[in-house]
Amino acid sequence: MGSWLFLFLVGLFLAASVSGDGSRNVTYDGRSLIIDGQHKILFSGSIHYPRSTPQMWPSLIAKAKAGGLDVIETLVFWNLHEPQPEQFDFIGQRDIVRFIKEIQAQGLYACIRIGPFIQGEWSYGGLPFWLHDIPGIVYRSDNEPFKYQMKKFVSKIVNMMKAEKLYASQGGPIILSQIENEYGMVEAAFRDKGPPYLRWAAEMAVGLQTGVPWVMCKQNNAPDPVINACNGRRCGETFPGPNSPNKPAIWTENWTSFYQVYGDEPDIRSAEDIAFHVALFIAKKGSYVNYYMYHGGTNFGRTAAAYVLTSYYDQAPLDEYGLFRQPKWGHLKELHAAIKLCLNPMLSGVYTTMALGKSQEAFVYRGNSVDCAAFLVNNDTRKTVVVTFQDSLYELPPKSISILPDCKTVAFNTAKVSTQYNTRAVETSKKLDSIVKWEEYKETIPTFEDTSLRANMLLEHMNTTKDNSDYLWYTFRFQNDFSDAEYVLNVTSSAHVLHAFVNGSFVGSTHGSFKTKTPILESKITLNKGTNYISLLSGTVGLPDSGAYLERRVAGINTVRVKGEHEIKDFTRYSWGYQVGLLGEKLQVYTDSRSNKVKWNTYGSSTHQRLTWYRTLFDAPAGKDPVTLNLESMGKGEAWINGQSIGRYWVSFLTPKGIPSQTRYNVPRSFLKRTDNLLVILEEENGYPLGISIDTISITKVCGHVSESHLPPVISWQGQNKTEHNNSKKHHGRRPKVQLQCPPGRNISRILFASYGNPTGDCENYAIGSCHSFTSLPTIEEACMGKRICTIPVWRKKFGNDPCPGIPKTLLVDAQCT
């Protein structure tokens with residue numbers, strides 16, 4: 001593209017505005033995005049439409065809005081929408097238009113990250129596998145076959161959004177789009193093919209004339225006018241900043257926990273840590289923060305990337321089921337409210353910084369004679385410090401930031417959590433332990449004679465299955481001249497899991513891990529004299545999702561040897577027969593209409609075999625609580641309900657603590673009928689289906705733990721920020737409070753613990769301390785029993801008297817919701 005034309009498009013982009021009712025002019029400068037002439041500080045949250053269901057979308061978006069978000073962000077999933085060339089799918093969970101319109105209906109903005117390479121712990125990084133078969137293709141490089149396909153899909157999505165008038169320039173909610181994803185991490189690997197591709201991607205995107213800005217994350221050299229953005233946990237510390245003084249500081253992925261892989265412990269990130277880094281980024285003139293994820297959801301079917309759990313970012317502010325994850329959701333809501341009290345000076349004032357100590361600093365925004373906001377930062381991770389700011393003293397807990405919307409009064413501190421904690425409880429609705437209600441079908445173990453695909457070599461797994469199945473059978477036959485001889489079968493592979501059968505009998509299995517990707521199988525085997533049949537099942541648990549030259553990744557079996565007393569036979573270059581997938585998959589025995597294509601037998605009617613299908617019927621639990629399938633008694637496989645896959649399970653893969661990474665699997669209510677729901681399980685190992693149960697998930701306990709040194713709720717700031725500041729005396733209307741709230745449909749039915757004084761411990765483990773008011777329990781019961789919501793100030797007059805003068809007071813309340 002000529003430079004004059006590109007400059008024209010840049011000018012067109014910066015002046016973008018489409019006439020018509022409700023259209024918005026979205027541009028930017030070095031401070032922030034500008035919407036209809038107004039600078040904006042925006043909080044965003046990632047909610048991925050295919051990781052939930054259309055029935056869940058309204059509630060998820062409403063809860064995000066209630067948490068103080070302005071924007072909902074989603075990736076766009078190419079391999080979902082174009083599973084085969086020119087065959088598009090935008091229905092059900094894939095209905096991105098419906099999702100964006102729901103965002104609009106609730107009055108929020110949207111950001112679509114088209115990619116179309118997205119990574120996102122999504123199988124093959126979101127790329128459709130059929131790209132692999134295009135001659136000469138090299139993904140994500142200056143390669144004409146890839147650029148042709150990429151432009152065609154990106155144009156498809158953009159034109160669909162335009163046709164529905166969903167860009168802000170048309171009156172819609174979309175204010176931001178992303179092209180590519182973290183390309184800076186792989187650009188150097190493509191050598192001279194990387195930079196031209198990067199420039200092409202930017203020019204191609206801008207040339208589609210959406211009327212809203214484009215971003216590239218983890219791309220410090222993003223070409224103008226595309227904005228470079230940060231991904232990570234600590235962008236306030238690690239982001240080098242915009243690559244132009246005319247671009248704003250944007251954080252596209254603030255990881256609220258981290259994705260989990262089989263065999264690893266969950267990665268827990270505290271509400272305090274998230275709040276600290278958001279406040280720091282904003283204090284340093286950041287203007288847009290997106291939480292990745294705000295709701296993680298579920299990797300239904302075979303959509304998870306290699307070794308990634310079916311449950312995705314369950315530790316996000318909204319958990320996998322869409323329930324509030326407290327105190328994370330509430331603490332961030334308070335943070336957003338406190339920052340929005342500072343908008344006037346932050347967006348129009350003069351920015352200065354000053355040192356307050358060795359590890360302490362202040363970021364100050366001054367507007368007119370009245371407007372002023374300050375962020376007081378303590379970077380010391382161990383010590384509480386007292387700093388002087390504007391002739392007043394402020395106590396800063398370790399690794400915390402205090403926000404002063406008037407440069408005088410602290411409205412919020414990132415380390416002081418005043419919002420409630422909650423506990424997620426499981427209730428068993430139905431045990432599926434009736435032997436007469438289960439049936440089983442043993443998967444056929446194919447032999448060389450059963451196969452039609454043949455090759456005189458070991459074929460690569462992914463290029464053979466084309467992502468139509470996790471499974472590929474490798475079979476061969478050979479003559480053995482010795483009777484009853486013992487041998488060792490040795491198989492090296494790049495498979496995620498490998499099962500071996502000799503003459504139809506299971507002889508061993510092995511698997512890799514996210515870090516160890518080349519498992520080796522060595523099993524003692526007994527061979528017949530004469531013809532022997534060996535069948536090896538290679539399995540993937542999701543395709544890779546990242547890295548340069550993704551099209552060159554391999555999986556499957558690498559070498560096969562049979563070691564005996566007399567010789568070692570190498571079958572790597574040999575006559576092999578192949579079968580893609582399992583017979584039960586091909587026949588779709590997990591669906592109502594095709595389940596009876598095979599003969600099902602009574603459970604346990606014959607000797608157990610690995611690779612067995614199980615089926616039963618169950619009724620949906622009463623009520624509206626989220627439903628889960630408890631597979632704790634199973635090994636590894638996949639589960640379907642009424643023909644819809646709820647994902648892979650791998651309960652037998654234990655973490656270093658000796659527990660499964662995941663045992664409960666989300667079953668959206670929209671997947672269920674009232675009665676006679678068909679559950680089909682494919683079990684690869686030795687699972688025990690009679691141990692399966694249908695459970696419900698709910699919030700049954702809420703707890704508050706607030707001291708006198710905590711801050712009042714930010715909402716109480718309204719009308720108070722103009723009062724005379726007094727360091728030694730809190731304003732009468734602004735006291736720290738314990739706030740308890742049960743989920744809709746539940747009320748506080750019992751106070752499990754209440755102590756005003758100095759209780760020990762926290763909401764997980766507590767006890768009465770040396771100071772305790774005996775009126776604690778009756779006071780809390782009077783204020784809260786039978787109510788869904790109650791608020792109790794941490795104030796001695798509320799409890800009748802001071803039980804121990806001179807000792808700082810804390811109120812800890814744990815309540816049951818029924």
# chains A, B, ... in the order shown; residues from 1 in each chain; ligands from 1
$ select_by_dssp --residues "region 452-571 of chain A" --states "alpha helix (DSSP H)" --output "PyMOL selection string"
chain A and resi 461-465
$ write_last_selection --atoms "all heavy atoms" --output "mmCIF file, in the first residue's frame"
data_model
loop_
_atom_site.group_PDB
_atom_site.id
_atom_site.type_symbol
_atom_site.label_atom_id
_atom_site.label_comp_id
_atom_site.auth_asym_id
_atom_site.auth_seq_id
_atom_site.Cartn_x
_atom_site.Cartn_y
_atom_site.Cartn_z
ATOM 1 N N HIS A 461 0.017 -37.391 13.845
ATOM 2 C CA HIS A 461 -1.340 -37.506 14.394
ATOM 3 C C HIS A 461 -2.283 -36.411 13.894
ATOM 4 O O HIS A 461 -3.344 -36.690 13.332
ATOM 5 C CB HIS A 461 -1.248 -37.479 15.928
ATOM 6 C CG HIS A 461 -2.560 -37.581 16.635
ATOM 7 N ND1 HIS A 461 -2.805 -38.540 17.584
ATOM 8 C CD2 HIS A 461 -3.697 -36.850 16.565
ATOM 9 C CE1 HIS A 461 -4.037 -38.392 18.057
ATOM 10 N NE2 HIS A 461 -4.579 -37.360 17.445
ATOM 11 N N MET A 462 -1.914 -35.145 14.118
ATOM 12 C CA MET A 462 -2.854 -34.050 13.839
ATOM 13 C C MET A 462 -3.176 -33.947 12.359
ATOM 14 O O MET A 462 -4.330 -33.695 11.980
ATOM 15 C CB MET A 462 -2.287 -32.724 14.356
ATOM 16 C CG MET A 462 -2.198 -32.641 15.870
ATOM 17 S SD MET A 462 -1.683 -31.002 16.470
ATOM 18 C CE MET A 462 0.018 -30.944 15.916
ATOM 19 N N ASN A 463 -2.176 -34.150 11.499
ATOM 20 C CA ASN A 463 -2.425 -34.047 10.065
ATOM 21 C C ASN A 463 -3.265 -35.210 9.552
ATOM 22 O O ASN A 463 -3.854 -35.129 8.470
ATOM 23 C CB ASN A 463 -1.104 -33.981 9.294
ATOM 24 C CG ASN A 463 -1.290 -33.563 7.866
ATOM 25 O OD1 ASN A 463 -2.086 -32.684 7.558
ATOM 26 N ND2 ASN A 463 -0.570 -34.216 6.967
ATOM 27 N N THR A 464 -3.350 -36.277 10.335
ATOM 28 C CA THR A 464 -4.159 -37.434 9.935
ATOM 29 C C THR A 464 -5.599 -37.302 10.431
ATOM 30 O O THR A 464 -6.548 -37.587 9.695
ATOM 31 C CB THR A 464 -3.530 -38.735 10.475
ATOM 32 O OG1 THR A 464 -2.155 -38.798 10.068
ATOM 33 C CG2 THR A 464 -4.257 -39.952 9.944
ATOM 34 N N THR A 465 -5.766 -36.843 11.672
ATOM 35 C CA THR A 465 -7.121 -36.714 12.213
ATOM 36 C C THR A 465 -7.818 -35.444 11.733
ATOM 37 O O THR A 465 -9.049 -35.366 11.770
ATOM 38 C CB THR A 465 -7.100 -36.684 13.748
ATOM 39 O OG1 THR A 465 -6.365 -35.532 14.192
ATOM 40 C CG2 THR A 465 -6.458 -37.941 14.320
#
$ residues_around --residues "region 547-553 of chain A" --least-positions-apart "6" --cutoff "7 Å" --atoms "only C-alpha atoms" --output "PyMOL selection string"
chain A and resi 132+138-139+186+189
$ write_last_selection --atoms "N, CA, C and O atoms" --output "PDB file, in the first residue's frame"
ATOM      1  N   HIS A 132      -4.050 -25.849   7.625  1.00  0.00           N
ATOM      2  CA  HIS A 132      -2.846 -26.679   7.555  1.00  0.00           C
ATOM      3  C   HIS A 132      -2.661 -27.311   6.174  1.00  0.00           C
ATOM      4  O   HIS A 132      -1.536 -27.583   5.745  1.00  0.00           O
ATOM      5  N   VAL A 138       2.230 -20.545   5.676  1.00  0.00           N
ATOM      6  CA  VAL A 138       2.973 -20.328   6.923  1.00  0.00           C
ATOM      7  C   VAL A 138       2.145 -19.343   7.730  1.00  0.00           C
ATOM      8  O   VAL A 138       1.961 -18.190   7.327  1.00  0.00           O
ATOM      9  N   TYR A 139       1.630 -19.795   8.866  1.00  0.00           N
ATOM     10  CA  TYR A 139       0.750 -18.946   9.660  1.00  0.00           C
ATOM     11  C   TYR A 139       1.493 -17.717  10.185  1.00  0.00           C
ATOM     12  O   TYR A 139       2.666 -17.771  10.535  1.00  0.00           O
ATOM     13  N   VAL A 186       6.584 -13.664  19.085  1.00  0.00           N
ATOM     14  CA  VAL A 186       7.057 -14.612  18.069  1.00  0.00           C
ATOM     15  C   VAL A 186       7.616 -13.918  16.829  1.00  0.00           C
ATOM     16  O   VAL A 186       8.166 -14.576  15.952  1.00  0.00           O
ATOM     17  N   ALA A 189      11.053 -14.806  15.422  1.00  0.00           N
ATOM     18  CA  ALA A 189      11.228 -16.159  14.876  1.00  0.00           C
ATOM     19  C   ALA A 189      10.971 -16.202  13.376  1.00  0.00           C
ATOM     20  O   ALA A 189      11.483 -17.074  12.675  1.00  0.00           O
TER      21      ALA A 189
END
$ residues_around --residues "region 143-149 of chain A" --least-positions-apart "4" --cutoff "9 Å" --atoms "only C-alpha atoms" --output "PyMOL selection string"
chain A and resi 131+134-139+153-154+193+197+200-201
$ residues_around --residues "Ile445 (chain A)" --least-positions-apart "5" --cutoff "10 Å" --atoms "only C-alpha atoms" --output "PDB file with N, CA and C atoms, in the first residue's frame"
ATOM      1  N   ASP A 450      -8.832 -54.318  10.140  1.00  0.00           N
ATOM      2  CA  ASP A 450     -10.014 -53.457  10.224  1.00  0.00           C
ATOM      3  C   ASP A 450      -9.803 -52.087   9.590  1.00  0.00           C
ATOM      4  N   TRP A 473      -5.820 -44.385  15.928  1.00  0.00           N
ATOM      5  CA  TRP A 473      -5.317 -45.745  16.111  1.00  0.00           C
ATOM      6  C   TRP A 473      -4.165 -46.009  15.143  1.00  0.00           C
ATOM      7  N   THR A 475      -2.067 -49.326  13.986  1.00  0.00           N
ATOM      8  CA  THR A 475      -2.130 -50.789  14.107  1.00  0.00           C
ATOM      9  C   THR A 475      -1.134 -51.449  13.159  1.00  0.00           C
ATOM     10  N   PHE A 501      -2.499 -51.998  23.164  1.00  0.00           N
ATOM     11  CA  PHE A 501      -3.212 -53.269  23.200  1.00  0.00           C
ATOM     12  C   PHE A 501      -2.454 -54.273  22.336  1.00  0.00           C
ATOM     13  N   VAL A 502      -2.289 -55.482  22.879  1.00  0.00           N
ATOM     14  CA  VAL A 502      -1.655 -56.571  22.125  1.00  0.00           C
ATOM     15  C   VAL A 502      -2.662 -57.713  22.034  1.00  0.00           C
ATOM     16  N   ASN A 503      -2.986 -58.076  20.815  1.00  0.00           N
ATOM     17  CA  ASN A 503      -3.986 -59.128  20.562  1.00  0.00           C
ATOM     18  C   ASN A 503      -5.295 -58.848  21.313  1.00  0.00           C
ATOM     19  N   GLY A 504      -5.661 -57.565  21.314  1.00  0.00           N
ATOM     20  CA  GLY A 504      -6.937 -57.141  21.905  1.00  0.00           C
ATOM     21  C   GLY A 504      -6.907 -56.900  23.397  1.00  0.00           C
ATOM     22  N   SER A 505      -5.779 -57.212  24.058  1.00  0.00           N
ATOM     23  CA  SER A 505      -5.688 -57.033  25.511  1.00  0.00           C
ATOM     24  C   SER A 505      -4.847 -55.807  25.845  1.00  0.00           C
ATOM     25  N   PHE A 506      -5.322 -55.062  26.830  1.00  0.00           N
ATOM     26  CA  PHE A 506      -4.604 -53.866  27.262  1.00  0.00           C
ATOM     27  C   PHE A 506      -3.290 -54.264  27.928  1.00  0.00           C
ATOM     28  N   ILE A 534      -0.860 -55.627  17.161  1.00  0.00           N
ATOM     29  CA  ILE A 534      -0.606 -54.542  18.119  1.00  0.00           C
ATOM     30  C   ILE A 534      -1.398 -53.314  17.675  1.00  0.00           C
ATOM     31  N   SER A 535      -2.155 -52.764  18.613  1.00  0.00           N
ATOM     32  CA  SER A 535      -2.973 -51.581  18.362  1.00  0.00           C
ATOM     33  C   SER A 535      -2.598 -50.512  19.389  1.00  0.00           C
ATOM     34  N   LEU A 536      -2.185 -49.374  18.901  1.00  0.00           N
ATOM     35  CA  LEU A 536      -1.757 -48.266  19.755  1.00  0.00           C
ATOM     36  C   LEU A 536      -2.689 -47.085  19.550  1.00  0.00           C
ATOM     37  N   LEU A 537      -3.270 -46.598  20.636  1.00  0.00           N
ATOM     38  CA  LEU A 537      -4.183 -45.461  20.553  1.00  0.00           C
ATOM     39  C   LEU A 537      -3.463 -44.204  21.026  1.00  0.00           C
ATOM     40  N   LEU A 582     -12.759 -43.003  17.351  1.00  0.00           N
ATOM     41  CA  LEU A 582     -13.342 -44.216  17.902  1.00  0.00           C
ATOM     42  C   LEU A 582     -14.639 -44.540  17.173  1.00  0.00           C
ATOM     43  N   LEU A 583     -15.013 -45.795  17.174  1.00  0.00           N
ATOM     44  CA  LEU A 583     -16.239 -46.198  16.504  1.00  0.00           C
ATOM     45  C   LEU A 583     -17.454 -45.533  17.143  1.00  0.00           C
ATOM     46  N   ARG A 610     -10.776 -51.275  29.192  1.00  0.00           N
ATOM     47  CA  ARG A 610     -10.508 -49.860  28.958  1.00  0.00           C
ATOM     48  C   ARG A 610     -11.163 -49.457  27.644  1.00  0.00           C
ATOM     49  N   LEU A 611     -11.523 -48.195  27.541  1.00  0.00           N
ATOM     50  CA  LEU A 611     -12.279 -47.681  26.400  1.00  0.00           C
ATOM     51  C   LEU A 611     -13.687 -48.281  26.399  1.00  0.00           C
TER      52      LEU A 611
END
$ atom_distance --atom1 "CA of Pro213 (chain A)" --atom2 "CA of Ile174 (chain A)"
9.9 Å
$ residues_around --residues "Asn801 (chain A)" --least-positions-apart "3" --cutoff "12 Å" --atoms "only C-alpha atoms" --output "list in words"
Tyr756, Gly757, His772, Ser773, Phe774, Thr775, Ser776, Trp795, Arg796, Lys797, Lys798, Cys804, Pro805 and Lys809 of chain A
$ atom_distance --atom1 "CA of Gln739 (chain A)" --atom2 "CA of Ala767 (chain A)"
20.0 Å
$ atom_distance --atom1 "CA of Arg24 (chain A)" --atom2 "CA of Ile47 (chain A)"
23.6 Å
$ residues_around --residues "Lys40 (chain A)" --least-positions-apart "5" --cutoff "10 Å" --atoms "only C-alpha atoms" --output "list in words"
Tyr28, Arg31, Ser32, Leu33, Ile34, Ile35, Asp70, Ser287, Tyr288, Leu343, Met346 and Leu347 of chain A
$ closest_atom_pairs --of "region 501-554 of chain A" --to "region 260-269 of chain A" --cutoff "10 Å" --atoms "only C-alpha atoms" --output "Markdown table"
| residue | atom | partner | partner_atom | distance |
| --- | --- | --- | --- | --- |
| A:Ser513 | CA | A:Gly263 | CA | 7.4 |
| A:Phe514 | CA | A:Val261 | CA | 6.9 |
| A:Lys515 | CA | A:Val261 | CA | 9.9 |
| A:Val541 | CA | A:Tyr262 | CA | 9.8 |
$ write_last_selection --atoms "N, CA, C and O atoms" --output "compact mmCIF listing (two decimals), in the first residue's frame"
# COMPACT_ATOMS: atom_id res chain seq x y z
N SER A 513 2.59 -34.30 29.91
CA SER A 513 2.05 -33.19 30.69
C SER A 513 2.34 -31.91 29.94
O SER A 513 3.01 -31.91 28.90
N PHE A 514 1.85 -30.81 30.47
CA PHE A 514 2.06 -29.52 29.82
C PHE A 514 3.55 -29.22 29.67
O PHE A 514 3.97 -28.59 28.70
N LYS A 515 4.35 -29.69 30.62
CA LYS A 515 5.79 -29.42 30.59
C LYS A 515 6.58 -30.57 29.97
O LYS A 515 7.66 -30.36 29.41
N VAL A 541 -5.05 -34.09 24.03
CA VAL A 541 -5.96 -33.43 24.95
C VAL A 541 -5.91 -31.95 24.59
O VAL A 541 -5.32 -31.12 25.28
$ residues_around --residues "Pro793 (chain A)" --least-positions-apart "4" --cutoff "12 Å" --atoms "only C-alpha atoms" --output "number ranges by chain"
A: 418, 704-708, 710-713, 732-740, 756, 779-780, 783, 797-799, 809-813
$ write_last_selection --atoms "N, CA and C atoms" --output "compact mmCIF listing (two decimals), in the first residue's frame"
# COMPACT_ATOMS: atom_id res chain seq x y z
N SER A 418 -13.03 -4.50 52.50
CA SER A 418 -14.22 -4.32 53.33
C SER A 418 -15.41 -5.12 52.81
N GLY A 704 -18.23 -11.26 56.77
CA GLY A 704 -17.59 -9.95 56.75
C GLY A 704 -16.56 -9.86 57.85
N HIS A 705 -15.42 -9.21 57.55
CA HIS A 705 -14.33 -9.10 58.52
C HIS A 705 -13.74 -7.69 58.37
N VAL A 706 -14.20 -6.76 59.19
CA VAL A 706 -13.86 -5.35 59.02
C VAL A 706 -13.42 -4.77 60.36
N SER A 707 -12.36 -3.98 60.33
CA SER A 707 -11.86 -3.34 61.55
C SER A 707 -12.12 -1.84 61.52
N GLU A 708 -11.85 -1.18 62.63
CA GLU A 708 -12.01 0.27 62.71
C GLU A 708 -11.08 1.00 61.76
N HIS A 710 -10.43 0.02 58.76
CA HIS A 710 -10.91 -0.09 57.38
C HIS A 710 -11.64 1.19 56.99
N LEU A 711 -11.91 1.28 55.70
CA LEU A 711 -12.56 2.48 55.18
C LEU A 711 -14.05 2.26 55.00
N PRO A 712 -14.84 3.33 55.06
CA PRO A 712 -16.27 3.19 54.78
C PRO A 712 -16.47 2.78 53.33
N PRO A 713 -17.63 2.24 52.98
CA PRO A 713 -17.90 1.94 51.58
C PRO A 713 -17.75 3.20 50.73
N HIS A 732 -19.02 11.66 60.68
CA HIS A 732 -20.04 10.86 61.34
C HIS A 732 -20.73 9.88 60.39
N GLY A 733 -20.96 10.29 59.12
CA GLY A 733 -21.70 9.44 58.19
C GLY A 733 -20.85 8.43 57.46
N ARG A 734 -19.57 8.40 57.75
CA ARG A 734 -18.68 7.53 56.99
C ARG A 734 -17.92 6.61 57.94
N ARG A 735 -18.53 5.48 58.24
CA ARG A 735 -17.91 4.51 59.13
C ARG A 735 -17.66 3.20 58.38
N PRO A 736 -16.61 2.47 58.77
CA PRO A 736 -16.45 1.13 58.19
C PRO A 736 -17.63 0.25 58.58
N LYS A 737 -18.02 -0.62 57.68
CA LYS A 737 -19.21 -1.43 57.90
C LYS A 737 -18.99 -2.85 57.41
N VAL A 738 -19.59 -3.80 58.10
CA VAL A 738 -19.74 -5.15 57.57
C VAL A 738 -21.03 -5.17 56.76
N GLN A 739 -20.89 -5.58 55.49
CA GLN A 739 -22.06 -5.64 54.60
C GLN A 739 -22.23 -7.09 54.14
N LEU A 740 -23.38 -7.67 54.43
CA LEU A 740 -23.66 -9.05 54.07
C LEU A 740 -24.81 -9.10 53.07
N TYR A 756 -17.62 -8.74 68.09
CA TYR A 756 -17.11 -7.37 68.05
C TYR A 756 -16.07 -7.27 69.15
N THR A 779 -26.99 -8.64 68.72
CA THR A 779 -27.02 -7.43 67.89
C THR A 779 -27.05 -7.78 66.42
N ILE A 780 -26.22 -8.74 66.02
CA ILE A 780 -26.15 -9.15 64.61
C ILE A 780 -27.43 -9.88 64.23
N ALA A 783 -30.13 -7.43 63.54
CA ALA A 783 -29.91 -6.63 62.33
C ALA A 783 -30.07 -7.46 61.05
N LYS A 797 -21.05 2.06 69.81
CA LYS A 797 -22.42 2.39 70.22
C LYS A 797 -23.42 1.40 69.65
N LYS A 798 -23.09 0.78 68.52
CA LYS A 798 -23.99 -0.21 67.95
C LYS A 798 -24.10 -1.43 68.87
N PHE A 799 -23.03 -1.69 69.63
CA PHE A 799 -23.00 -2.87 70.50
C PHE A 799 -23.17 -2.51 71.97
N LYS A 809 -10.77 -2.24 67.56
CA LYS A 809 -11.88 -3.18 67.42
C LYS A 809 -12.03 -3.68 65.99
N THR A 810 -12.52 -4.91 65.92
CA THR A 810 -12.82 -5.56 64.65
C THR A 810 -14.17 -6.26 64.80
N LEU A 811 -14.91 -6.31 63.70
CA LEU A 811 -16.17 -7.06 63.68
C LEU A 811 -16.05 -8.17 62.65
N LEU A 812 -16.28 -9.41 63.09
CA LEU A 812 -16.26 -10.56 62.20
C LEU A 812 -17.60 -11.27 62.32
N VAL A 813 -18.28 -11.42 61.20
CA VAL A 813 -19.60 -12.06 61.18
C VAL A 813 -19.61 -13.11 60.08
$ decode --residues "region 506-555 of chain A" --atoms "C-alpha atoms" --output "compact mmCIF listing (two decimals), in the first residue's frame"
# COMPACT_ATOMS: atom_id res chain seq x y z
CA PHE A 506 -4.60 -53.87 27.26
CA VAL A 507 -0.89 -53.90 28.12
CA GLY A 508 -0.12 -50.39 29.30
CA SER A 509 -0.53 -46.66 28.94
CA THR A 510 1.37 -43.46 29.56
CA HIS A 511 0.79 -39.75 29.22
CA GLY A 512 2.67 -36.50 28.97
CA SER A 513 2.05 -33.19 30.69
CA PHE A 514 2.06 -29.52 29.82
CA LYS A 515 5.79 -29.42 30.59
CA THR A 516 6.77 -32.96 29.54
CA LYS A 517 5.49 -33.54 26.05
CA THR A 518 7.25 -36.76 24.96
CA PRO A 519 5.96 -39.70 27.01
CA ILE A 520 7.63 -43.10 26.61
CA LEU A 521 5.76 -46.39 27.00
CA GLU A 522 7.62 -49.53 28.05
CA SER A 523 5.48 -52.54 28.84
CA LYS A 524 6.20 -56.24 29.21
CA ILE A 525 4.09 -58.21 26.76
CA THR A 526 3.49 -61.83 25.88
CA LEU A 527 3.27 -62.74 22.22
CA ASN A 528 1.63 -65.67 20.53
CA LYS A 529 3.55 -67.93 18.23
CA GLY A 530 2.42 -66.87 14.78
CA THR A 531 0.54 -63.67 13.92
CA ASN A 532 0.28 -60.94 16.57
CA TYR A 533 -1.72 -57.75 16.42
CA ILE A 534 -0.61 -54.54 18.12
CA SER A 535 -2.97 -51.58 18.36
CA LEU A 536 -1.76 -48.27 19.76
CA LEU A 537 -4.18 -45.46 20.55
CA SER A 538 -2.63 -42.01 20.40
CA GLY A 539 -4.68 -39.29 22.05
CA THR A 540 -4.45 -35.53 22.19
CA VAL A 541 -5.96 -33.43 24.95
CA GLY A 542 -6.42 -30.27 22.91
CA LEU A 543 -4.23 -28.94 20.13
CA PRO A 544 -1.35 -26.52 20.76
CA ASP A 545 -2.38 -22.87 20.93
CA SER A 546 0.77 -20.79 20.63
CA GLY A 547 4.27 -20.39 19.31
CA ALA A 548 5.85 -19.58 15.98
CA TYR A 549 5.29 -21.98 13.07
CA LEU A 550 2.26 -23.58 14.65
CA GLU A 551 1.60 -25.42 11.39
CA ARG A 552 4.79 -27.43 11.95
CA ARG A 553 3.83 -28.86 15.35
CA VAL A 554 3.60 -32.64 15.53
CA ALA A 555 1.84 -35.23 17.67
